[in-house]
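Engineer: Next comes the structure file work25.cif, holding mmCIF, C-alpha atoms.
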```cif
data_coords
loop_
_atom_site.label_atom_id
_atom_site.label_comp_id
_atom_site.auth_asym_id
_atom_site.auth_seq_id
_atom_site.Cartn_x
_atom_site.Cartn_y
_atom_site.Cartn_z
CA MET A 1 72.96 96.28 -23.89
CA LYS A 2 71.45 98.89 -21.62
CA ASN A 3 74.87 100.56 -21.09
CA PHE A 4 75.37 100.66 -24.84
CA ILE A 5 72.13 102.53 -25.33
CA GLN A 6 72.72 104.79 -22.35
CA THR A 7 76.01 105.86 -23.96
CA LEU A 8 74.02 107.02 -26.96
CA PHE A 9 72.08 109.49 -24.85
CA LYS A 10 74.70 110.43 -22.27
CA ASP A 11 75.46 113.83 -23.76
CA SER A 12 71.89 115.05 -23.53
CA ARG A 13 70.45 116.55 -20.38
CA VAL A 14 67.61 114.98 -18.45
CA LEU A 15 64.25 116.57 -19.08
CA GLY A 16 61.34 116.26 -16.66
CA ILE A 17 57.90 115.82 -18.20
CA PRO A 18 54.80 116.05 -16.05
CA ARG A 19 52.13 113.41 -15.97
CA GLY A 20 49.47 113.91 -18.62
CA LYS A 21 51.66 115.78 -21.07
CA VAL A 22 51.57 114.56 -24.67
CA ILE A 23 55.16 114.31 -25.80
CA ILE A 24 54.58 113.30 -29.43
CA TYR A 25 51.38 113.80 -31.39
CA GLU A 26 50.12 111.30 -33.96
CA GLY A 27 50.85 112.52 -37.48
CA HIS A 28 53.49 115.01 -36.39
CA GLU A 29 57.06 114.90 -37.54
CA VAL A 30 59.39 113.10 -35.14
CA ASN A 31 62.01 115.66 -34.18
CA LYS A 32 63.44 113.81 -31.18
CA VAL A 33 64.10 110.23 -30.16
CA TYR A 34 63.70 109.71 -26.43
CA TYR A 35 65.24 107.46 -23.79
CA ILE A 36 63.18 106.99 -20.63
CA GLU A 37 65.18 107.39 -17.42
CA SER A 38 62.15 106.92 -15.18
CA GLY A 39 58.38 106.82 -15.41
CA TYR A 40 55.86 105.40 -17.85
CA ILE A 41 54.73 106.53 -21.28
CA LYS A 42 51.53 105.29 -22.90
CA VAL A 43 51.20 104.93 -26.65
CA TYR A 44 47.72 105.29 -28.09
CA THR A 45 45.44 106.09 -30.95
CA ILE A 46 42.10 107.81 -30.69
CA ALA A 47 39.13 105.48 -31.10
CA GLY A 48 36.43 108.09 -30.51
CA ALA A 49 35.73 111.13 -28.38
CA ASN A 50 37.52 110.53 -25.05
CA THR A 51 38.40 106.97 -26.03
CA GLN A 52 41.97 105.85 -26.36
CA ARG A 53 43.30 102.53 -27.63
CA ILE A 54 46.57 101.87 -25.85
CA PRO A 55 48.56 99.10 -27.52
CA PHE A 56 51.71 99.67 -25.47
CA ILE A 57 53.22 101.20 -22.35
CA TYR A 58 56.89 102.16 -22.27
CA ARG A 59 58.95 102.18 -19.09
CA SER A 60 62.46 103.14 -17.93
CA GLY A 61 65.15 101.88 -20.30
CA ASP A 62 62.90 102.05 -23.36
CA ILE A 63 63.50 104.24 -26.39
CA PHE A 64 60.69 105.80 -28.41
CA PRO A 65 59.59 106.33 -31.12
CA LEU A 66 62.29 103.93 -32.24
CA THR A 67 60.48 101.97 -34.96
CA THR A 68 59.24 105.16 -36.59
CA PHE A 69 62.78 106.53 -36.62
CA LEU A 70 64.39 103.34 -37.92
CA ALA A 71 61.72 102.71 -40.57
CA GLY A 72 62.40 106.15 -42.00
CA GLY A 73 58.79 107.27 -41.83
CA GLY A 74 59.57 110.45 -39.94
CA VAL A 75 55.96 110.88 -38.89
CA ALA A 76 54.57 109.59 -35.58
CA ARG A 77 52.04 106.80 -35.91
CA PHE A 78 50.67 107.23 -32.36
CA PHE A 79 50.29 109.66 -29.47
CA TYR A 80 52.92 109.32 -26.73
CA GLU A 81 51.80 110.64 -23.36
CA ALA A 82 53.35 110.61 -19.88
CA MET A 83 51.31 108.34 -17.59
CA THR A 84 53.39 109.45 -14.63
CA ASP A 85 55.96 112.20 -14.15
CA VAL A 86 58.79 111.03 -16.37
CA GLN A 87 62.42 111.86 -16.88
CA VAL A 88 63.78 111.47 -20.38
CA ARG A 89 66.86 112.16 -22.41
CA SER A 90 66.59 112.89 -26.10
CA ILE A 91 68.61 112.97 -29.28
CA ALA A 92 67.81 114.64 -32.59
CA PRO A 93 67.12 112.14 -35.40
CA LYS A 94 69.90 113.65 -37.54
CA LYS A 95 72.39 113.18 -34.74
CA LEU A 96 71.30 109.57 -34.23
CA GLU A 97 71.55 108.98 -37.99
CA HIS A 98 75.10 110.29 -37.87
CA LYS A 99 75.98 107.95 -35.02
CA LEU A 100 74.74 105.00 -37.07
CA ILE A 101 77.03 105.63 -40.04
CA ASP A 102 79.48 102.69 -40.28
CA ASN A 103 78.22 101.48 -36.90
CA LEU A 104 76.63 98.09 -37.56
CA GLU A 105 76.88 97.12 -33.90
CA LEU A 106 74.70 100.04 -32.82
CA ALA A 107 72.32 99.37 -35.72
CA GLU A 108 71.92 95.76 -34.62
CA GLU A 109 71.13 96.80 -31.04
CA LEU A 110 68.52 99.28 -32.18
CA ILE A 111 66.92 96.80 -34.61
CA ARG A 112 66.83 94.23 -31.81
CA LEU A 113 65.14 96.69 -29.44
CA SER A 114 62.65 97.71 -32.10
CA SER A 115 61.83 94.08 -32.95
CA ASN A 116 61.28 93.17 -29.29
CA THR A 117 58.91 96.07 -28.83
CA ASP A 118 57.07 95.37 -32.06
CA GLU A 119 56.59 91.71 -31.18
CA GLN A 120 55.00 92.74 -27.91
CA PHE A 121 52.94 95.33 -29.77
CA VAL A 122 51.60 92.70 -32.19
CA ARG A 123 50.91 90.28 -29.34
CA ARG A 124 48.98 92.99 -27.55
CA VAL A 125 46.91 93.91 -30.59
CA ASN A 126 46.10 90.23 -31.22
CA GLU A 127 44.97 89.88 -27.63
CA LEU A 128 42.72 92.88 -27.99
CA ILE A 129 41.05 91.20 -30.95
CA THR A 130 40.95 87.57 -29.81
CA ILE A 131 40.22 87.83 -26.09
CA SER A 132 36.77 89.02 -25.12
CA ASN A 133 36.68 88.32 -21.40
CA PRO A 134 37.40 91.59 -19.54
CA ARG A 135 38.99 89.89 -16.53
CA VAL A 136 41.44 88.01 -18.74
CA LYS A 137 42.24 91.24 -20.59
CA VAL A 138 43.01 93.06 -17.36
CA LYS A 139 44.99 90.09 -16.06
CA ASN A 140 47.10 90.10 -19.25
CA LEU A 141 47.72 93.83 -18.89
CA LEU A 142 49.00 93.39 -15.34
CA LEU A 143 51.10 90.37 -16.31
CA PHE A 144 52.64 92.39 -19.16
CA LEU A 145 53.54 95.24 -16.81
CA ALA A 146 54.77 92.86 -14.11
CA GLN A 147 56.92 90.90 -16.55
CA ARG A 148 58.60 94.03 -17.86
CA GLU A 149 59.28 95.28 -14.36
CA SER A 150 60.53 92.05 -12.85
CA PRO A 151 60.42 88.75 -14.74
CA LYS A 152 60.55 86.60 -11.60
CA GLY A 153 59.48 88.55 -8.52
CA ALA A 154 56.52 87.36 -6.46
CA GLN A 155 55.49 90.89 -5.52
CA ILE A 156 56.01 93.53 -8.17
CA THR A 157 55.84 97.21 -7.43
CA LEU A 158 55.05 99.59 -10.25
CA ASP A 159 55.64 103.31 -9.79
CA LEU A 160 52.40 103.71 -11.64
CA LYS A 161 48.85 104.14 -10.45
CA LEU A 162 46.70 102.58 -13.14
CA SER A 163 43.52 104.51 -13.73
CA ALA A 164 40.26 103.00 -14.95
CA LYS A 165 40.63 105.17 -18.07
CA ASP A 166 44.06 103.69 -18.82
CA ILE A 167 42.89 100.13 -18.15
CA ALA A 168 39.86 100.70 -20.38
CA GLY A 169 42.05 102.09 -23.15
CA TYR A 170 44.61 99.32 -22.90
CA CYS A 171 42.09 96.48 -22.67
CA GLY A 172 39.47 97.82 -25.06
CA ILE A 173 36.74 97.71 -22.41
CA SER A 174 34.43 100.36 -20.99
CA ARG A 175 35.50 102.47 -18.04
CA GLU A 176 32.67 101.00 -16.01
CA GLU A 177 33.99 97.49 -16.68
CA ALA A 178 37.54 98.64 -15.90
CA LEU A 179 36.37 100.07 -12.56
CA LYS A 180 34.55 96.82 -11.79
CA GLN A 181 37.67 94.77 -12.52
CA LEU A 182 39.88 97.14 -10.49
CA LYS A 183 37.51 96.80 -7.54
CA PHE A 184 37.61 93.01 -7.82
CA LEU A 185 41.42 92.93 -8.00
CA LYS A 186 41.77 95.18 -4.97
CA SER A 187 39.20 93.37 -2.86
CA ASN A 188 40.99 90.05 -3.54
CA ASN A 189 44.41 91.59 -2.75
CA ILE A 190 45.69 90.78 -6.19
CA ILE A 191 46.74 94.39 -6.49
CA THR A 192 47.27 97.06 -3.86
CA VAL A 193 47.15 100.67 -4.94
CA SER A 194 48.66 103.46 -2.87
CA GLY A 195 51.40 105.66 -4.36
CA GLY A 196 51.99 103.01 -6.99
CA THR A 197 50.61 99.57 -7.74
CA VAL A 198 51.78 96.37 -6.06
CA ILE A 199 50.94 93.17 -7.91
CA ASP A 200 50.81 89.73 -6.31
CA ARG A 201 52.03 87.67 -9.25
CA GLN A 202 50.94 84.27 -7.89
CA LYS A 203 47.40 85.41 -7.19
CA LEU A 204 47.29 87.09 -10.56
CA LEU A 205 48.43 83.96 -12.38
CA SER A 206 45.75 81.95 -10.57
CA LEU A 207 43.03 84.35 -11.63
CA ARG A 208 40.39 82.80 -13.84
CA ALA A 209 38.06 84.38 -16.35
CA SER A 210 34.96 86.06 -14.89
CA MET B 1 69.06 87.59 -67.95
CA THR B 2 66.99 85.86 -65.26
CA GLN B 3 68.21 83.75 -62.41
CA LYS B 4 66.00 81.95 -59.92
CA ALA B 5 66.82 80.39 -56.54
CA GLN B 6 64.30 78.71 -54.30
CA ASN B 7 63.04 81.76 -52.45
CA THR B 8 64.74 84.52 -54.38
CA LYS B 9 64.66 85.63 -57.96
CA ILE B 10 66.24 88.49 -59.82
CA PHE B 11 65.82 89.90 -63.30
CA ILE B 12 65.85 93.12 -65.28
CA ASN B 13 62.37 94.64 -65.41
CA PRO B 14 61.35 95.86 -68.91
CA SER B 15 61.44 99.41 -67.44
CA GLY B 16 65.19 98.96 -67.02
CA PHE B 17 65.57 98.48 -63.28
CA ILE B 18 66.83 95.46 -61.38
CA GLU B 19 63.92 93.65 -59.79
CA GLN B 20 64.62 91.22 -56.98
CA HIS B 21 62.12 89.16 -55.01
CA TYR B 22 62.54 87.49 -51.64
CA SER B 23 59.81 85.16 -50.39
CA GLY B 24 59.04 82.34 -47.97
CA VAL B 25 61.30 81.39 -45.11
CA LEU B 26 64.79 82.56 -45.99
CA ALA B 27 67.91 80.68 -44.98
CA PRO B 28 71.14 82.65 -44.50
CA ASP B 29 72.79 81.22 -47.61
CA GLU B 30 69.77 82.18 -49.75
CA ILE B 31 70.04 85.79 -48.66
CA LEU B 32 73.82 85.78 -49.19
CA GLU B 33 73.34 84.38 -52.70
CA GLY B 34 70.68 87.00 -53.36
CA LEU B 35 73.15 89.73 -52.38
CA LYS B 36 75.82 88.30 -54.68
CA GLN B 37 73.35 88.18 -57.58
CA LEU B 38 72.39 91.78 -56.90
CA GLN B 39 76.03 92.83 -57.02
CA ARG B 40 76.49 91.03 -60.36
CA PHE B 41 73.40 92.64 -61.90
CA ALA B 42 74.40 96.10 -60.64
CA LYS B 43 77.91 95.74 -62.10
CA LYS B 44 76.43 94.69 -65.42
CA LEU B 45 74.25 97.81 -65.63
CA GLN B 46 77.18 99.97 -64.57
CA ALA B 47 79.36 98.43 -67.27
CA GLU B 48 76.64 99.29 -69.80
CA ASP B 49 76.62 102.88 -68.48
CA LYS B 50 72.97 102.57 -67.45
CA PRO B 51 71.44 103.95 -64.27
CA VAL B 52 71.45 101.39 -61.49
CA LEU B 53 67.92 101.37 -60.13
CA ILE B 54 66.90 98.54 -57.82
CA PHE B 55 63.47 97.36 -56.76
CA GLN B 56 63.36 94.73 -54.03
CA ASP B 57 60.09 93.04 -53.20
CA ALA B 58 60.18 91.48 -49.75
CA GLY B 59 56.43 91.43 -49.32
CA LYS B 60 56.14 87.65 -49.46
CA ILE B 61 58.74 86.85 -46.82
CA LYS B 62 57.05 84.56 -44.29
CA LYS B 63 59.73 84.56 -41.62
CA LEU B 64 62.82 86.70 -41.22
CA GLU B 65 64.85 86.10 -38.09
CA PHE B 66 67.29 88.83 -39.02
CA MET B 67 68.62 89.27 -35.49
CA ALA B 68 69.15 85.55 -34.83
CA PRO B 69 72.76 84.47 -34.17
CA LYS B 70 72.77 82.41 -37.39
CA MET B 71 72.18 85.62 -39.34
CA ALA B 72 75.30 87.44 -38.10
CA GLY B 73 77.10 86.83 -41.40
CA VAL B 74 74.03 87.96 -43.35
CA ARG B 75 73.80 91.20 -41.39
CA LYS B 76 77.43 91.97 -42.07
CA ALA B 77 77.12 91.07 -45.77
CA ALA B 78 73.91 93.08 -46.15
CA ALA B 79 75.52 96.13 -44.55
CA ALA B 80 78.59 95.74 -46.78
CA ALA B 81 76.48 95.26 -49.93
CA THR B 82 74.39 98.34 -49.14
CA LYS B 83 77.58 100.35 -48.88
CA ASP B 84 79.56 98.82 -51.72
CA ILE B 85 76.99 98.43 -54.49
CA LYS B 86 76.98 101.59 -56.55
CA PHE B 87 73.35 102.33 -57.21
CA ASP B 88 71.32 105.43 -57.98
CA ARG B 89 68.19 104.43 -56.11
CA THR B 90 66.77 101.43 -54.32
CA ALA B 91 63.08 101.01 -53.54
CA VAL B 92 62.09 98.23 -51.17
CA CYS B 93 58.61 96.91 -50.59
CA GLY B 94 57.85 94.95 -47.44
CA SER B 95 56.46 94.72 -43.93
CA LEU B 96 57.30 97.18 -41.18
CA ARG B 97 60.01 94.86 -39.94
CA VAL B 98 61.61 94.79 -43.38
CA GLN B 99 61.33 98.56 -43.52
CA VAL B 100 63.15 98.89 -40.20
CA ILE B 101 65.96 96.57 -41.29
CA VAL B 102 66.47 98.11 -44.74
CA SER B 103 66.26 101.71 -43.56
CA THR B 104 68.65 101.07 -40.69
CA LEU B 105 71.20 99.41 -42.98
CA ALA B 106 70.80 102.41 -45.29
CA LEU B 107 71.76 104.65 -42.36
CA VAL B 108 74.81 102.50 -41.61
CA ALA B 109 75.86 102.83 -45.26
CA GLY B 110 75.22 106.58 -45.22
CA LYS B 111 72.73 106.17 -48.06
CA ARG B 112 69.37 106.96 -46.49
CA ASP B 113 68.54 109.43 -49.23
CA LYS B 114 69.04 106.76 -51.90
CA ILE B 115 66.99 103.99 -50.31
CA LYS B 116 63.29 104.21 -49.59
CA VAL B 117 60.91 101.65 -48.24
CA PHE B 118 57.25 101.31 -49.12
CA ASP B 119 54.32 99.13 -48.24
CA ASN B 120 53.13 98.74 -51.81
CA ARG B 121 54.72 98.03 -55.18
CA ALA B 122 53.11 100.88 -57.11
CA SER B 123 54.45 103.61 -54.82
CA ALA B 124 57.87 101.98 -54.74
CA ILE B 125 58.22 101.88 -58.51
CA LYS B 126 56.76 105.35 -58.92
CA TRP B 127 59.49 106.78 -56.69
CA LEU B 128 62.18 104.59 -58.26
CA LEU B 129 61.43 105.89 -61.76
CA SER B 130 60.66 109.50 -60.83
CA LYS B 131 62.96 112.21 -62.12
CA LYS B 132 63.78 113.82 -58.72
#
```
Translate the structure described by the file into structure tokens.
Structural biologist:
Amino acid sequence: MKNFIQTLFKDSRVLGIPRGKVIIYEGHEVNKVYYIESGYIKVYTIAGANTQRIPFIYRSGDIFPLTTFLAGGGVARFFYEAMTDVQVRSIAPKKLEHKLIDNLELAEELIRLSSNTDEQFVRRVNELITISNPRVKVKNLLLFLAQRESPKGAQITLDLKLSAKDIAGYCGISREEALKQLKFLKSNNIITVSGGTVIDRQKLLSLRAS
Amino acid sequence: MTQKAQNTKIFINPSGFIEQHYSGVLAPDEILEGLKQLQRFAKKLQAEDKPVLIFQDAGKIKKLEFMAPKMAGVRKAAAAATKDIKFDRTAVCGSLRVQVIVSTLALVAGKRDKIKVFDNRASAIKWLLSKK
């Protein structure tokens, strides 16, 4: 499947986007659909001054904003910002529309991708609402990232240094709480943070609520 | 003319457009039958030299495993129906997932300008019956 999608973007050049840059603004017209070659993109809404709610994080191999494009809305529902330096390819919506004409196979692949992402999105939002314990929230965030990176590995390395701000935004907790949880995770060697983040999956799975 | 299946029904709305409803948990053969009914109703309006306007309400669908292997035939039939049925406009009302499916099939058929998806009935019918 990945090769199929890569073929879609192969004619476009790779663009480097620095960490912290907002690629798509909420409410703006979507004038490009992106494929992530490397790096991480966070998707968020604004919940208050300096407060982000991050329902999803995209990684290499993902396409965004795919659901917005396929649903025909044309207007971004979220902010999309580079969490790390990222490399992306892009295609204009009109060009992608043209590629879909009489191409049910491509349409099915894109619908499948969109559905998978949306299911995870919904699961994430439900977790935000139903789970109150901050340690469990942070654990679920790390499990989500670990699962996407490597479904079975014991040690998972993310080329991503999670900040307390990002953890707070993703988990719906305060930055102080996020810092506290980060400190706990590091001191118990559940995660190691240097250039990126290394997660010990077994220790993480054994982690109980605080 | 009104026909009713278990989870689908189709009729001509007094405003003159075809109104079709999908609800519940849809089996492949129910969707295929719904598509056939739609084709019959559209042909009837065409034969009467009336505009073919379609409103589809998918807001009460409980489960739609559109990408499941058992739905392969449905996907192909839905794509073919979108292309082959000669209609002026189609307004669809449903969840985001329904919107993605319908809009994408509209792209495959090359008819994105004739098919719009909405999250409420009032907006859908307003667009369907508008002059432009």
Engineer: Excluding Val108 (chain B) and its own-chain neighbours fewer than 3 positions away, which residues fall within 8 Å of it when counting all atoms listed in the file? Please give them as a short mmCIF file (atom, residue, chain, number, x, y, z; two decimals) with C-alpha atoms, in the coordinates of the input.
Structural biologist:
```
data_model
loop_
_atom_site.label_atom_id
_atom_site.label_comp_id
_atom_site.auth_asym_id
_atom_site.auth_seq_id
_atom_site.Cartn_x
_atom_site.Cartn_y
_atom_site.Cartn_z
CA LEU A 100 74.74 105.00 -37.07
CA ILE A 101 77.03 105.63 -40.04
CA ASP A 102 79.48 102.69 -40.28
CA ASN A 103 78.22 101.48 -36.90
CA LEU A 104 76.63 98.09 -37.56
CA ALA A 107 72.32 99.37 -35.72
CA ALA B 79 75.52 96.13 -44.55
CA THR B 104 68.65 101.07 -40.69
CA LEU B 105 71.20 99.41 -42.98
CA LYS B 111 72.73 106.17 -48.06
#
```
Engineer: Which chain B residues are at most 10 Å from chain A (counting all atoms listed in the file), as number ranges by chain?
Structural biologist: B: 65-68, 72, 75-76, 79-80, 83, 96-112, 115-118
Engineer: Go through the shown structure with the PyMOL selection byres ((chain A and resi 82) around 8) and write out the matching residues as an mmCIF file with C-alpha atoms, in the frame of the given file.
Structural biologist:
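Saved file expr04.cif follows:
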```cif
data_model
loop_
_atom_site.group_PDB
_atom_site.id
_atom_site.type_symbol
_atom_site.label_atom_id
_atom_site.label_comp_id
_atom_site.auth_asym_id
_atom_site.auth_seq_id
_atom_site.Cartn_x
_atom_site.Cartn_y
_atom_site.Cartn_z
ATOM 1 C CA ILE A 17 57.900 115.820 -18.200
ATOM 2 C CA PRO A 18 54.800 116.050 -16.050
ATOM 3 C CA ARG A 19 52.130 113.410 -15.970
ATOM 4 C CA GLY A 20 49.470 113.910 -18.620
ATOM 5 C CA LYS A 21 51.660 115.780 -21.070
ATOM 6 C CA VAL A 22 51.570 114.560 -24.670
ATOM 7 C CA ILE A 23 55.160 114.310 -25.800
ATOM 8 C CA GLY A 39 58.380 106.820 -15.410
ATOM 9 C CA TYR A 40 55.860 105.400 -17.850
ATOM 10 C CA ILE A 41 54.730 106.530 -21.280
ATOM 11 C CA LYS A 42 51.530 105.290 -22.900
ATOM 12 C CA TYR A 80 52.920 109.320 -26.730
ATOM 13 C CA GLU A 81 51.800 110.640 -23.360
ATOM 14 C CA MET A 83 51.310 108.340 -17.590
ATOM 15 C CA THR A 84 53.390 109.450 -14.630
ATOM 16 C CA ASP A 85 55.960 112.200 -14.150
ATOM 17 C CA VAL A 86 58.790 111.030 -16.370
#
```
Engineer: What is the distance between CA of Ser95 (chain B) and CA of Ile61 (chain B), in Å to one decimal?
Structural biologist: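 Computed distance, CA of Ser95 (chain B) to CA of Ile61 (chain B), equals 8.7 Å.
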Engineer: Distance CA of Ile63 (chain A)-CA of Val33 (chain A), one decimal place?
Structural biologist: 7.1 Å
Engineer: Between A:Cys171, A:Val88, A:Ile24, A:Leu162, which residue has the minimum interatomic distance to Val198 (chain A), considering all atoms listed in the file?
Structural biologist: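 When distances to Val198 (chain A) are compared using all atoms listed in the file, the smallest one comes from A:Leu162.
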Engineer: Can you tell me which residues surround Gln6 (chain A) at a distance of at most 10 Å, considering all atoms listed in the file, apart from same-chain residues fewer than 3 positions away, and format the answer as an NGL selection string?
Structural biologist: :A and (1-3 or 9-11 or 35-37 or 61 or 89)
